[in-house]
Amino acid sequence: MPSAADEIRSAIARAGSISFRDFMSLALYGEEGFYSQVGSAGRRGDFITSPEVGPLFGAVLARVLDEWWHEMGSPNSFSVVEVGAGPGTLARSVMAAEPECLRHGTYVAVETSAEQRLRHPDSVQSVSEMPARIDHGVVIVNELLDNLPFQLFVFDGGWREAFVTTNEEGSFAEVLGEKVETPRGFPETAPHGTRLPLQEEAREWVSRVRSAIHVGRVLVFDYCTPTTAELASIPWRNWLRTYRQHERGSHYLRDVGIQDITAQVCLDQLEIRDAKVSTQAEFLRRHGINELVDEGRRFWEAHRDRPDVRAMTMRSRVREAEALCDEHGLGGFTVLEFGS
Ligand SMILES: C[S@@+](CC[C@H](N)C(=O)[O-])C[C@H]1O[C@@H](n2cnc3c(N)ncnc32)[C@H](O)[C@@H]1O
């Protein structure tokens with residue numbers, strides 16, 4: 001069975017070299033890529049995301065969905081479309097919170113990885129691609145944009161695109177292309193060796209999804225940096241990261257197919273002029289996370305002498321909220337809200 005590295009070697013053999021963007025695409029989403037095979041969010045996976053902290057994140061989103069559904073005039077056919085749904089954890093928590101809007105609608109979990117789609121709950125519609133049109137609904141994405149393949153540029157007397165080839169030992173190695181015009185948002189000059197991403201796929205994804213919604217909203221959660229230029233001033237390994245089984249991984253050209261490759265999302269590369277921008281902590285507080293925590297505390301106090309699973313779940317809201325709203329961690333993530 002060919003590995004992800006074999007798939008990449010074949011592509012390089014055909015073309016001499018491939019762009020970093022194509023390398024990332026094959027390493028993560030090729031037939032033997034990380035997400036197609038082993039990789040996933042979760043305690044038994046490779047990294048913890050907000051839905052994986054526990055059911056509280058989904059419980060807050062269920063309130064948000066109901067609020068927006070009412071604002072839309074409580075339409076009868078309503079779609080909640082989660083893109084990059086991973087193993088379906090957020091879907092489970094939202095469904096468990098029983099929002100009224102889903103009594104009149106469908107939860108669609110969009111996930112490219114067939115391996116992860118197998119883990120989706122039966123109660124959702126599990127698909128590999130976004131619906132082309134959403135009449136009334138909300139699209140939710142958590143930690144998707146950071147995983148979309150991007151072009152990588154290196155400053156060497158000017159900006160040059162990074163390509164991947166193989167060296168004499170058969171290992172992957174980087175080669176730089178010709179100097180190009182300074183890409184949008186990049187500084188004209190930078191210290192030798194500075195690396196920066198050009199995230200066209202993320203930009204296109206946002207505009208494509210917005211135009212697919214007739215009436216509704218798009219809600220994006222991710223780790224973001226306001227400007228591309230800001231990334232030039234930090235070591236590149238701090239913004240272009242790899243993860244494997246809850247640890248930071250190795251250089252992205254190594255351990256291909258068995259580690260995640262991810263980057264800070266540059267907000268100035270997305271079309272966000274009319275988006276509402278907040279931190280995750282602000283967003284969750286605005287939508288009632290503290291009320292849900294108080295409810296959890298009261299429930300626990302009333303049942304602490306004979307605690308059952310529900311009482312334990314309610315008690316754990318306190319710790320979950322701390323993690324979800326931690327300004328130095330998940331609480332510092334960026335939330336983008338777009339209307340249709
Ligand atoms: C970092 S994981 C996040 C999973 C989940 N949203 C969470 O927060 O736990 C990103 C997921 O997006 C999926 N993905 C990447 N590109 C996609 C696309 N264009 N459409 C649907 N899913 C995609 C990957 O396979 C992976 O499962």
# chains A, B, ... in the order shown; residues from 1 in each chain; ligands from 1

$ residues_around --residues "A:Pro75" --least-positions-apart "6" --cutoff "8 Å" --atoms "only C-alpha atoms" --output "PyMOL selection string"
chain A and resi 69+104+136

$ write_last_selection --atoms "all heavy atoms" --output "CSV table (one decimal), in the first residue's frame"
chain,number,residue,atom,x,y,z
A,69,TRP,N,-32.3,31.5,14.4
A,69,TRP,CA,-33.4,30.9,13.8
A,69,TRP,C,-34.7,31.7,14.0
A,69,TRP,O,-35.4,32.0,13.1
A,69,TRP,CB,-33.6,29.4,14.3
A,69,TRP,CG,-34.8,28.7,13.8
A,69,TRP,CD1,-35.0,28.3,12.5
A,69,TRP,CD2,-36.0,28.4,14.5
A,69,TRP,NE1,-36.2,27.6,12.4
A,69,TRP,CE2,-36.9,27.7,13.7
A,69,TRP,CE3,-36.4,28.5,15.9
A,69,TRP,CZ2,-38.1,27.2,14.1
A,69,TRP,CZ3,-37.6,28.0,16.3
A,69,TRP,CH2,-38.4,27.3,15.4
A,104,HIS,N,-37.1,21.6,13.4
A,104,HIS,CA,-37.7,22.0,12.1
A,104,HIS,C,-36.6,22.0,11.1
A,104,HIS,O,-36.6,22.6,10.1
A,104,HIS,CB,-38.2,23.5,12.2
A,104,HIS,CG,-39.1,23.7,13.3
A,104,HIS,ND1,-40.5,23.6,13.1
A,104,HIS,CD2,-38.9,23.9,14.6
A,104,HIS,CE1,-41.1,23.8,14.3
A,104,HIS,NE2,-40.2,24.0,15.2
A,136,HIS,N,-32.2,28.5,4.2
A,136,HIS,CA,-32.2,29.1,5.5
A,136,HIS,C,-31.3,28.3,6.4
A,136,HIS,O,-31.5,27.1,6.5
A,136,HIS,CB,-33.6,29.1,6.1
A,136,HIS,CG,-34.6,29.9,5.4
A,136,HIS,ND1,-35.4,29.5,4.4
A,136,HIS,CD2,-34.9,31.3,5.5
A,136,HIS,CE1,-36.2,30.4,4.0
A,136,HIS,NE2,-35.9,31.5,4.6

$ select_by_dssp --residues "stretch 139-229 of chain A" --states "alpha helix (DSSP H)" --output "VMD selection string"
chain A and resid 200 to 212 228 to 229

$ residues_near_ligand --ligand "ligand 1" --cutoff "6 Å" --atoms "only C-alpha atoms and all ligand atoms" --output "PyMOL selection string"
chain A and resi 35+40-41+49+51+83-86+110-113+142-144+148

$ select_by_dssp --residues "stretch 251-318 of chain A" --states "strand (DSSP E or B)" --output "PyMOL selection string"
chain A and resi 260-263+265-266+276-279

$ closest_residue --among "A:Val215, A:Phe23, A:Gly54, A:Ala229" --to "A:Arg9" --atoms "only C-alpha atoms"
A:Phe23

$ closest_residue --among "A:Thr165, A:Ser93, A:Thr189, A:Thr279" --to "A:Arg14" --atoms "only C-alpha atoms"
A:Thr165

$ decode --residues "stretch 95-120 of chain A" --atoms "N, CA and C atoms" --output "PDB file, in the first residue's frame"
ATOM      1  N   MET A  95     -26.858  18.435  19.165  1.00  0.00           N
ATOM      2  CA  MET A  95     -28.094  17.630  19.156  1.00  0.00           C
ATOM      3  C   MET A  95     -28.545  17.328  20.599  1.00  0.00           C
ATOM      4  N   ALA A  96     -27.564  17.055  21.478  1.00  0.00           N
ATOM      5  CA  ALA A  96     -27.913  16.721  22.866  1.00  0.00           C
ATOM      6  C   ALA A  96     -28.589  17.896  23.555  1.00  0.00           C
ATOM      7  N   ALA A  97     -28.256  19.121  23.135  1.00  0.00           N
ATOM      8  CA  ALA A  97     -28.857  20.313  23.746  1.00  0.00           C
ATOM      9  C   ALA A  97     -30.267  20.576  23.203  1.00  0.00           C
ATOM     10  N   GLU A  98     -30.690  19.808  22.208  1.00  0.00           N
ATOM     11  CA  GLU A  98     -32.045  19.856  21.642  1.00  0.00           C
ATOM     12  C   GLU A  98     -32.526  21.259  21.280  1.00  0.00           C
ATOM     13  N   PRO A  99     -31.804  21.977  20.428  1.00  0.00           N
ATOM     14  CA  PRO A  99     -32.307  23.301  20.035  1.00  0.00           C
ATOM     15  C   PRO A  99     -33.607  23.167  19.250  1.00  0.00           C
ATOM     16  N   GLU A 100     -34.483  24.151  19.445  1.00  0.00           N
ATOM     17  CA  GLU A 100     -35.798  24.101  18.794  1.00  0.00           C
ATOM     18  C   GLU A 100     -35.644  24.113  17.266  1.00  0.00           C
ATOM     19  N   CYS A 101     -34.659  24.861  16.770  1.00  0.00           N
ATOM     20  CA  CYS A 101     -34.500  25.002  15.309  1.00  0.00           C
ATOM     21  C   CYS A 101     -34.304  23.642  14.636  1.00  0.00           C
ATOM     22  N   LEU A 102     -33.713  22.688  15.348  1.00  0.00           N
ATOM     23  CA  LEU A 102     -33.457  21.392  14.708  1.00  0.00           C
ATOM     24  C   LEU A 102     -34.682  20.477  14.727  1.00  0.00           C
ATOM     25  N   ARG A 103     -35.727  20.891  15.480  1.00  0.00           N
ATOM     26  CA  ARG A 103     -37.001  20.162  15.338  1.00  0.00           C
ATOM     27  C   ARG A 103     -37.605  20.474  13.983  1.00  0.00           C
ATOM     28  N   HIS A 104     -37.136  21.581  13.403  1.00  0.00           N
ATOM     29  CA  HIS A 104     -37.668  22.012  12.106  1.00  0.00           C
ATOM     30  C   HIS A 104     -36.576  21.951  11.055  1.00  0.00           C
ATOM     31  N   GLY A 105     -35.525  21.208  11.310  1.00  0.00           N
ATOM     32  CA  GLY A 105     -34.433  21.258  10.346  1.00  0.00           C
ATOM     33  C   GLY A 105     -33.480  20.094  10.435  1.00  0.00           C
ATOM     34  N   THR A 106     -32.348  20.255   9.778  1.00  0.00           N
ATOM     35  CA  THR A 106     -31.383  19.164   9.618  1.00  0.00           C
ATOM     36  C   THR A 106     -29.994  19.634  10.017  1.00  0.00           C
ATOM     37  N   TYR A 107     -29.258  18.776  10.666  1.00  0.00           N
ATOM     38  CA  TYR A 107     -27.843  19.039  10.944  1.00  0.00           C
ATOM     39  C   TYR A 107     -27.041  18.301   9.874  1.00  0.00           C
ATOM     40  N   VAL A 108     -26.306  19.054   9.062  1.00  0.00           N
ATOM     41  CA  VAL A 108     -25.508  18.449   7.998  1.00  0.00           C
ATOM     42  C   VAL A 108     -24.035  18.523   8.420  1.00  0.00           C
ATOM     43  N   ALA A 109     -23.393  17.366   8.547  1.00  0.00           N
ATOM     44  CA  ALA A 109     -21.978  17.328   8.938  1.00  0.00           C
ATOM     45  C   ALA A 109     -21.148  17.054   7.687  1.00  0.00           C
ATOM     46  N   VAL A 110     -20.362  18.069   7.275  1.00  0.00           N
ATOM     47  CA  VAL A 110     -19.560  17.945   6.055  1.00  0.00           C
ATOM     48  C   VAL A 110     -18.126  17.613   6.462  1.00  0.00           C
ATOM     49  N   GLU A 111     -17.637  16.502   5.965  1.00  0.00           N
ATOM     50  CA  GLU A 111     -16.279  16.082   6.333  1.00  0.00           C
ATOM     51  C   GLU A 111     -15.667  15.339   5.138  1.00  0.00           C
ATOM     52  N   THR A 112     -14.464  15.794   4.709  1.00  0.00           N
ATOM     53  CA  THR A 112     -13.836  15.151   3.539  1.00  0.00           C
ATOM     54  C   THR A 112     -13.351  13.737   3.856  1.00  0.00           C
ATOM     55  N   SER A 113     -12.967  13.499   5.093  1.00  0.00           N
ATOM     56  CA  SER A 113     -12.375  12.206   5.433  1.00  0.00           C
ATOM     57  C   SER A 113     -13.454  11.131   5.646  1.00  0.00           C
ATOM     58  N   ALA A 114     -13.419  10.094   4.790  1.00  0.00           N
ATOM     59  CA  ALA A 114     -14.403   9.003   4.903  1.00  0.00           C
ATOM     60  C   ALA A 114     -14.244   8.299   6.249  1.00  0.00           C
ATOM     61  N   GLU A 115     -13.010   8.198   6.702  1.00  0.00           N
ATOM     62  CA  GLU A 115     -12.699   7.555   7.983  1.00  0.00           C
ATOM     63  C   GLU A 115     -13.444   8.256   9.132  1.00  0.00           C
ATOM     64  N   GLN A 116     -13.449   9.582   9.097  1.00  0.00           N
ATOM     65  CA  GLN A 116     -14.119  10.338  10.168  1.00  0.00           C
ATOM     66  C   GLN A 116     -15.631  10.357   9.986  1.00  0.00           C
ATOM     67  N   ARG A 117     -16.076  10.337   8.737  1.00  0.00           N
ATOM     68  CA  ARG A 117     -17.537  10.318   8.513  1.00  0.00           C
ATOM     69  C   ARG A 117     -18.163   9.069   9.133  1.00  0.00           C
ATOM     70  N   LEU A 118     -17.394   7.976   9.161  1.00  0.00           N
ATOM     71  CA  LEU A 118     -17.911   6.731   9.755  1.00  0.00           C
ATOM     72  C   LEU A 118     -18.298   6.928  11.219  1.00  0.00           C
ATOM     73  N   ARG A 119     -17.679   7.926  11.870  1.00  0.00           N
ATOM     74  CA  ARG A 119     -17.935   8.126  13.301  1.00  0.00           C
ATOM     75  C   ARG A 119     -19.074   9.114  13.568  1.00  0.00           C
ATOM     76  N   HIS A 120     -19.656   9.684  12.511  1.00  0.00           N
ATOM     77  CA  HIS A 120     -20.746  10.651  12.724  1.00  0.00           C
ATOM     78  C   HIS A 120     -21.985   9.958  13.294  1.00  0.00           C
TER      79      HIS A 120
END
